[in-house]
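Report on the following structure.
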Amino acid sequence: MKTAIKPTLLLNSKMRRFLLFALTAGIALPLVSCTSKKETSANVEPVVVETLISATESWSGGSYEYPKGQAQMTLQRITAQPGFKTPLHFHSQPGIAYVVQGNLSCQTLNGKALQVGPGESFATPQDSVHFCESVGDQAALVFVASAGIKGQQLTLPYKK
């Protein structure tokens with residue numbers, strides 16, 4: 001049989017109202033003071049979530065498999081000047097990329113190709129030898145997120 005625990009401190013109704021007011025003000029005032037009028041407008045969505053990419057395989061058709069070991073997430077900002085071409089390489093972990101500016105042209109050893117520009121995303125190839133080149137007259141700015149393992153290089157050179 002459970003016994004109800006009675007509080008040792010009884011609050012009268014005025015004290016309860018005061019505590020409720022103090023708690024509400026303590027939470028609401030910092031929020032209101034840090035929020036601009038634009039963000040509180042009834043016409044503005046408080047948050048918009050847009051999935052830019054969701055993939056189970058890379059742009060070259062390879063499926064993903066997470067490497068074994070201590071997981072390490074990495075986000076890189078890569079700026080490649082026009083004409084820069086990576087050497088042949090591969091990645092042992094899954095990744096995704098988002099092109100902010102410029103254009104990229106990528107190709108695998110077996111001839112699969114990808115052309116991407118500003119605002120486009122792609123799933124990077126895993127264990128597939130490829131290269132990418134910054135094409136056009138503007139530097140390519142690309143964000144790349146990788147799901148690798150601690151201590152392992154994200155980009156590995158291809159050795160024939």
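By convention in this document, the chains of the structure tokens carry letters A, B, ... by their order, each chain's residues are numbered from 1, and ligands are numbered from 1 in the order they are shown.
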Give me, as a compact mmCIF listing (two decimals) with N, CA and C atoms, in the first residue's frame, all polymer residues having an atom no more than 6 Å from segment 135-139 of chain A, counting only C-alpha atoms and skipping those fewer than 6 positions away in the same chain.
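Dumped everything to out.txt:
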```
# COMPACT_ATOMS: atom_id res chain seq x y z
N ALA A 80 38.42 25.01 -53.98
CA ALA A 80 39.28 24.56 -55.08
C ALA A 80 39.25 25.61 -56.19
N GLN A 81 40.40 26.14 -56.49
CA GLN A 81 40.50 27.16 -57.54
C GLN A 81 40.17 26.56 -58.91
N PRO A 82 39.71 27.40 -59.85
CA PRO A 82 39.39 26.91 -61.19
C PRO A 82 40.58 26.14 -61.78
N GLY A 83 40.30 24.98 -62.33
CA GLY A 83 41.35 24.17 -62.95
C GLY A 83 41.99 23.16 -62.00
N GLY A 102 30.65 27.68 -57.51
CA GLY A 102 31.51 27.03 -58.49
C GLY A 102 30.89 25.75 -59.02
N ASN A 103 31.68 25.03 -59.81
CA ASN A 103 31.21 23.80 -60.43
C ASN A 103 32.27 22.72 -60.31
N LEU A 104 31.81 21.49 -60.12
CA LEU A 104 32.70 20.34 -60.04
C LEU A 104 32.35 19.35 -61.13
```
Legend entry - 9 Å contact set for Gly62 of chain A, only C-alpha atoms, chain neighbours under 4 positions out, as an MDAnalysis selection string: chainID A and resid 56:58 125:128
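With only C-alpha atoms taken into account, the protein and nucleic acid residues at most 7 Å from Gln76 of chain A (excluding it and anything under 3 positions from it in its own chain) are Phe143, Val144 and Ala145 of chain A.
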Inset, instruction - Excluding Cys106 of chain A and any residue of its chain fewer than 3 positions from it, enumerate the residues within 8 Å of it, using only C-alpha atoms, and give them as a list in words. - result: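 Close residues of Cys106 of chain A: Ala113, Leu114, Gln115, His130, Phe131, Cys132 and Glu133 of chain A.
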Inset, instruction - Give me every strand (DSSP E) residue in segment 109-148 of chain A, going by DSSP on the backbone, as a ChimeraX atom specification. - result: /A:113-116,121-124,130-135,140-148
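Straight-line separation from atom CA of Pro67 of chain A to atom CA of Gln152 of chain A: 10.0 Å.
Of the residues under consideration (A:Val142, A:Leu109, A:Leu52, A:Ala123), A:Ala123 shows the shortest atom-to-atom contact distance to Pro94 of chain A when counting only C-alpha atoms.
Here atom CA of Gln72 of chain A stands at a distance of 20.0 Å from atom CA of Ile53 of chain A.
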Inset, instruction - Excluding Gln153 of chain A and any residue of its chain fewer than 2 positions from it, enumerate the residues within 12 Å of it, using only C-alpha atoms, and give them as JSON, numbers by chain. - result: {"A": [72, 74, 89, 90, 91, 92, 93, 146, 147, 148, 149, 150, 151, 155, 156, 157]}
